[in-house]
Every structure is written in C-alpha cells, then in structure tokens.
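Q: Can you keep this structure in mind? I'll have questions shortly.
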Amino acid sequence: MTTIHLADHIVPVSSEPFADGGVAIEGSKIVGIGTRDTLTVAFPNSETIDHGAAAIAPGFVNVHSHLEITAMRGALDGVEDNFAAWLLKLSAIRTELGEEGVRKGALVGAREGAAAGVTCFGDIGRLGRVGLEALTATGLRGIVFQETEFTPDNRTAKDDFMELAAKFEALKQDETELVRVALSPHSPYTVGSELFELLAQYSILNRIPLSIHAAESADEIELMAKGTGPFSTFYEKFGVEWSSPFSTPIEYLERLGVLATRPLLAHCVRVTDSDIERIEANGASVAHCPKSNAKFGHGAAPLEKFLDAGITVGLGSDSVASNNVCDLIEESRFAALTARNRVDSERFVTAEEVFECATLGGAKALGLDDLIGTLEAGKEADLAVVDLTDDAQGPVTDIYAALVFSSNARDVKQTIVAGKTVYSKGT
C-alpha cells in the first residue's frame with residue numbers, strides 16, 4: 001500500500017525546495033517525490049494524507065547526544081563554570097540514579113527527540129544498552145556508541161581494552177535493523193595513549209565507527225599543551241600516571257593513529273587552522289553542539305571554517321544536562337547565529353547550510369547517508385513534518401529561513417521512521 005504525504009512545502013535537501021508536493025512511501029522506503037499532481041497520477045490507488053500549511057523534510061539527525069543523562073536535566077545547572085567539577089558531579093548523580101533511573105530517563109529523552117522531529121541519534125553512553133533500548137522502544141534509528149570508563153592510565157590499557165571490547169561485542173548482539181553499535185573513547189584526557197592506539201587498530205580492522213569528545217574546553221587545551229590545570233591536579237590527587245603530549249588534542253589524535261579511523265569528533269571548539277586541516281585531510285567529521293558549548297562558556301566552534309574546508313558537520317544537542325532541550329531546529333538557528341557572530345567571521349552561514357547540517361550532514365557524519373538525510377526515491381522513509389500555521393512563522397517567503405529562524409521543536413506535527421509514525425502531535 002502506498003501512502004502519499006502532501007504539504008505546501010517539500011524540502012528534499014538534495015535538491016531545491018518546491019511548493020505543493022509530497023512524498024510517496026511504500027513500506028519503509030520512499031518510492032516517489034514530486035508535485036501533488038505528479039504523485040497522484042503515478043500512484044492512483046494510494047492513501048493520501050494532506051498536512052496543508054506545513055513542510056515535509058528529512059528527519060533530523062542528532063549526531064551527539066547522551067540519552068542516559070536525561071534524568072539529570074537541571075541537576076547540574078549552576079556548576080557549568082567549572083567543567084571538571086561538572087563532570088565529577090555528573091558521575092556521582094549517575095551512580096545515585098542507578099541503572100533503572102538512568103534507563104527511565106533515556107526513554108524520556110528518546111521520546112523528546114521523536115517529538116522534535118529527530119529520527120536518528122548518535123548516542124553516547126557508559127551504559128550502552130540503555131541507549132539502545134530507549135531508541136528501539138521509541139522506534140527511532142541510531143548508532144549507539146559504547147563509551148569508555150575513566151581510563152587515562154597506560155598501566156591498565158590492555159585490561160581496559162579487553163573489558164571495553166567485551167562490552168561492545170555483547171551489545172552488538174542486540175543490534176537491530178534500525179539501531180547499530182559503535183565505540184566512543186571518551187576524550188584525549190580521559191583515555192590513555194595506549195588504549196587509544198588499541199582502539200584505533202580495533203576500529204580499522206573491524207570497521208567500527210568511533211566518536212570522541214575533542215578540543216572542547218580551555219582546561220583540556222591546557223592539560224594537553226602544558227600538562228597543567230584542573231585535570232592535571234585531579235590526576236595527581238588520584239595517583240593517575242598521565243604524560244602531556246604537549247600538542248593540541250587533534251595533533252595528539254593524529255599522532256596516535258586515531259584520526260585515521262575517520263572519527264566523529266564532538267565539539268572541536270578550540271581548534272587551530274592546522275587542526276582543521278588535519279581533520280579534513282583524515283576524513284574525520286565534526287559533531288557541532290553550539291548550545292551546549294555556549295552554556296559551558298567554552299566558546300563558539302568555527303562552523304564557517306569547517307564548512308569552507310569541506311568537513312562533514314552534523315548537529316548535536318549534547319545531553320539535556322548541558323543544553324536542557326533536544327531541539328535540532330533551535331540548534332540550527334543557534335548554530336547560524338553564533339557562526340555569524342564570531343569575531344573572525346568572513347561571511348554569513350546561511351539557514352540552508354545549517355539545515356543541511358541537521359539532516360544530510362548528520363547522516364554523512366554517522367555514515368548513514370546512503371539510507372537517510374534527504375528525500376529521494378529509494379531512501380528510507382525518515383521524515384519530519386513541521387507545521388507552519390503559527391503567526392510567528394509567516395509569511396513564508398524562504399522555507400529554509402522559516403524553518404531555521406522562525407520555528408522550533410514544538411512546531412513538529414509528525415515524525416516518521418522507516419515508514420512508521422513514531423510521533424504525531426495531539427495523539
């Protein structure tokens with residue numbers, strides 16, 4: 001049975017937006033896209049759903065989230081000015097919640113994403129199974145990155161690797177058609193060099209995607225470049241053996257062979273022009289999380305430079321403990337505004353560019369662009385339907401501007417993954 005979703009605006013991303021059209025779906029696939037008249041002739045016996053004054057777009061791809069921290073929303077507000085203290089408090093609260101508390105929060109987070117038009121997550125978690133269960137229960141697509149524990153000491157590298165590999169292999173047994181499993185060495189300052197090297201080899205040999213927090217904060221840069229600062233003090237206090245590479249985090253990851261895995265690098269706020277060249281040359285991608293970066297006061301990542309260098313960029317909400325909401329439309333707006341407001345900005349990043357980051361860019365960053373990210377026949381039917389009837393959105397003279405600058409998650413009326421509705425407003 002073919003179902004045609006019609007709307008006043010169709011935003012394929014892979015081609016120019018057009019008016020009064022639709023998307024035809026059979027099973028989990030898109031089988032046609034075009035004007036209303038074209039589709040009704042091509043599929044005469046189809047069911048038709050007319051969304052009217054709305055836009056149909058590819059589902060949003062949230063490339064960097066931490067669903068298992070959802071239950072901590074608001075609990076860490078007030079300590080963002082001390083990143084090391086924030087991380088320690090997060091760890092303590094996670095322990096207090098226990099696995100069941102974390103699991104309930106993750107499910108809430110996945111549902112929030114679905115209601116915001118997010119059809120695919122790149123989710124990082126210490127308890128990888130929790131994220132996998134939440135996405136599966138909600139009907140969402142995603143890649144769950146099993147994260148390392150706090151493992152900066154090379155003395156335990158081999159044992160740490162074996163423990164993580166065992167977790168990953170066990171989790172991989174529960175992969176589904178929609179949810180896959182990958183690995184996340186947390187960051188250059190919480191994972192030892194030997195473990196990084198082992199994971200890089202494991203990733204390349206087994207074609208396992210990696211996602212890594214990198215160049216996120218001033219404290220991280222100080223530790224990596226000078227071996228000093230809050231993280232260094234913490235290591236000394238707990239007897240951790242860790243030697244500074246006296247380089248940028250990106251240079252360090254390249255030196256260890258980690259960039260050769262083409263990882264998804266989260267944040268990249270404090271990168272040099274040389275770092276950007278390294279990211280591009282190695283085929284790595286960036287998970288841009290502008291609202292979380294701003295809330296911590298970490299700075300604004302050079303989105304304009306990433307895009308102009310040809311680096312694949314996806315958008316991430318990060319956790320709701322550091323952003324408070326999962327809203328990829330608002331993330332797009334904030335990304336454009338902060339990019340334009342950087343003191344070294346040489347041009348305006350457009351609404352179309354950031355919307356592409358939220359859809360096709362995210363799909364590319366997760367290695368899923370053969371399946372999702374655009375509205376094209378043959379691709380998976382992952383759609384977001386955004387209502388455009390609010391007075392604050394009209395008149396719609398440029399659909400990208402209307403979506404990015406005048407809309408938010410509350411305007412999403414329907415979310416479809418693999419042809420199945422996972423969210424419908426008011427039901």
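Labeling convention for the structure tokens: chains A, B, ... as they appear, residues from 1 per chain, ligands from 1 in order of appearance.
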Can you list, as an mmCIF file with N, CA and C atoms, in the first residue's frame, every protein, DNA or RNA residue that comes within 10 Å of Ala281 of chain A when you count only C-alpha atoms, leaving out same-chain residues fewer than 6 positions away?
A:
data_model
loop_
_atom_site.group_PDB
_atom_site.id
_atom_site.type_symbol
_atom_site.label_atom_id
_atom_site.label_comp_id
_atom_site.auth_asym_id
_atom_site.auth_seq_id
_atom_site.Cartn_x
_atom_site.Cartn_y
_atom_site.Cartn_z
ATOM 1 N N LEU A 259 42.966 9.527 14.159
ATOM 2 C CA LEU A 259 42.293 10.252 13.080
ATOM 3 C C LEU A 259 42.171 9.403 11.822
ATOM 4 N N ALA A 260 43.041 8.407 11.688
ATOM 5 C CA ALA A 260 42.979 7.523 10.527
ATOM 6 C C ALA A 260 41.702 6.688 10.508
ATOM 7 N N ARG A 262 38.863 7.948 10.852
ATOM 8 C CA ARG A 262 37.849 8.901 10.389
ATOM 9 C C ARG A 262 36.749 9.073 11.446
ATOM 10 N N ASP A 275 44.705 22.305 12.933
ATOM 11 C CA ASP A 275 43.816 21.216 13.360
ATOM 12 C C ASP A 275 42.735 20.971 12.320
ATOM 13 N N ALA A 309 36.119 24.318 4.630
ATOM 14 C CA ALA A 309 37.196 23.350 4.431
ATOM 15 C C ALA A 309 36.686 22.042 3.833
ATOM 16 N N GLY A 310 35.368 21.908 3.719
ATOM 17 C CA GLY A 310 34.784 20.688 3.163
ATOM 18 C C GLY A 310 34.619 19.574 4.171
ATOM 19 N N ILE A 311 34.673 19.915 5.460
ATOM 20 C CA ILE A 311 34.497 18.926 6.524
ATOM 21 C C ILE A 311 33.004 18.631 6.702
#
Q: At a cut-off of 10 Å, using only C-alpha atoms, what residues contact Ala301 of chain A? Leave out same-chain residues fewer than 6 positions from it and give the result as a PDB file with C-alpha atoms, in the first residue's frame.
A:
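Below you can see selection.pdb, which holds the result:
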ATOM      1  CA  ALA A 215      39.147  20.187  21.855  1.00  0.00           C
ATOM      2  CA  GLU A 216      36.099  21.066  23.923  1.00  0.00           C
ATOM      3  CA  HIS A 267      32.686  19.878  19.889  1.00  0.00           C
ATOM      4  CA  CYS A 268      36.053  20.938  18.360  1.00  0.00           C
ATOM      5  CA  VAL A 269      35.557  24.375  19.889  1.00  0.00           C
ATOM      6  CA  ARG A 270      39.225  25.194  20.409  1.00  0.00           C
ATOM      7  CA  VAL A 271      40.882  24.096  17.195  1.00  0.00           C
ATOM      8  CA  HIS A 288      28.762  20.648  16.281  1.00  0.00           C
ATOM      9  CA  CYS A 289      26.973  21.357  19.593  1.00  0.00           C
ATOM     10  CA  PRO A 290      26.709  25.161  19.774  1.00  0.00           C
ATOM     11  CA  ASN A 293      29.276  24.849  24.148  1.00  0.00           C
ATOM     12  CA  ALA A 294      27.727  28.217  24.948  1.00  0.00           C
ATOM     13  CA  ALA A 335      24.448  27.479  15.020  1.00  0.00           C
ATOM     14  CA  THR A 338      26.797  32.095  16.667  1.00  0.00           C
ATOM     15  CA  ALA A 339      28.712  31.457  13.445  1.00  0.00           C
ATOM     16  CA  ARG A 342      32.261  35.143  15.686  1.00  0.00           C
TER      17      ARG A 342
END
Q: What lies within 10 Å of Phe355 of chain A using only C-alpha atoms, ignoring chain neighbours under 3 positions off, as a list in words?
A: Val13, Ala57, Phe60, Gly314, Leu315, Leu328, Ile329, Glu331, Ser332, Arg333, Ala335, Ala336, Thr350, Ala351, Glu352, Ala358, Thr359, Leu360, Gly361, Tyr400, Ala401, Leu403 and Val404 of chain A
Q: Find the residue from A:Val240, A:Ile69, A:Ala363, A:Ala114 that sits nearest to Ser319 of chain A; use only C-alpha atoms when measuring.
A: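 Using only C-alpha atoms, the shortest distance to Ser319 of chain A belongs to A:Ile69.
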Q: What gap, in Å, lies between atom CA of Val422 of chain A and atom CA of Ala381 of chain A?
A: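 Separation between atom CA of Val422 of chain A and atom CA of Ala381 of chain A: 12.0 Å.
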Q: A:Val349, A:Thr248, A:Lys291, A:Ala137: which is nearest Glu222 of chain A, counting only C-alpha atoms?
A: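 The shortest atom-to-atom distance to Glu222 of chain A comes from A:Thr248.
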Q: By how many Å are atom CA of Asp369 of chain A and atom CA of Val61 of chain A apart?
A: 10.6 Å
Q: Between A:Ala182, A:Ile30, A:Val286, A:Ala55, which one has atoms that come closest to Ile399 of chain A, using only C-alpha atoms?
A: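 The shortest atom-to-atom distance to Ile399 of chain A comes from A:Ala55.
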Q: To test your reading of the structure, identify every residue in segment 147-390 of chain A that backbone DSSP assigns to strand (DSSP E), and report it as number ranges by chain.
A: A: 147, 179-184, 211-214, 264-267, 285-288, 313-315, 383-387
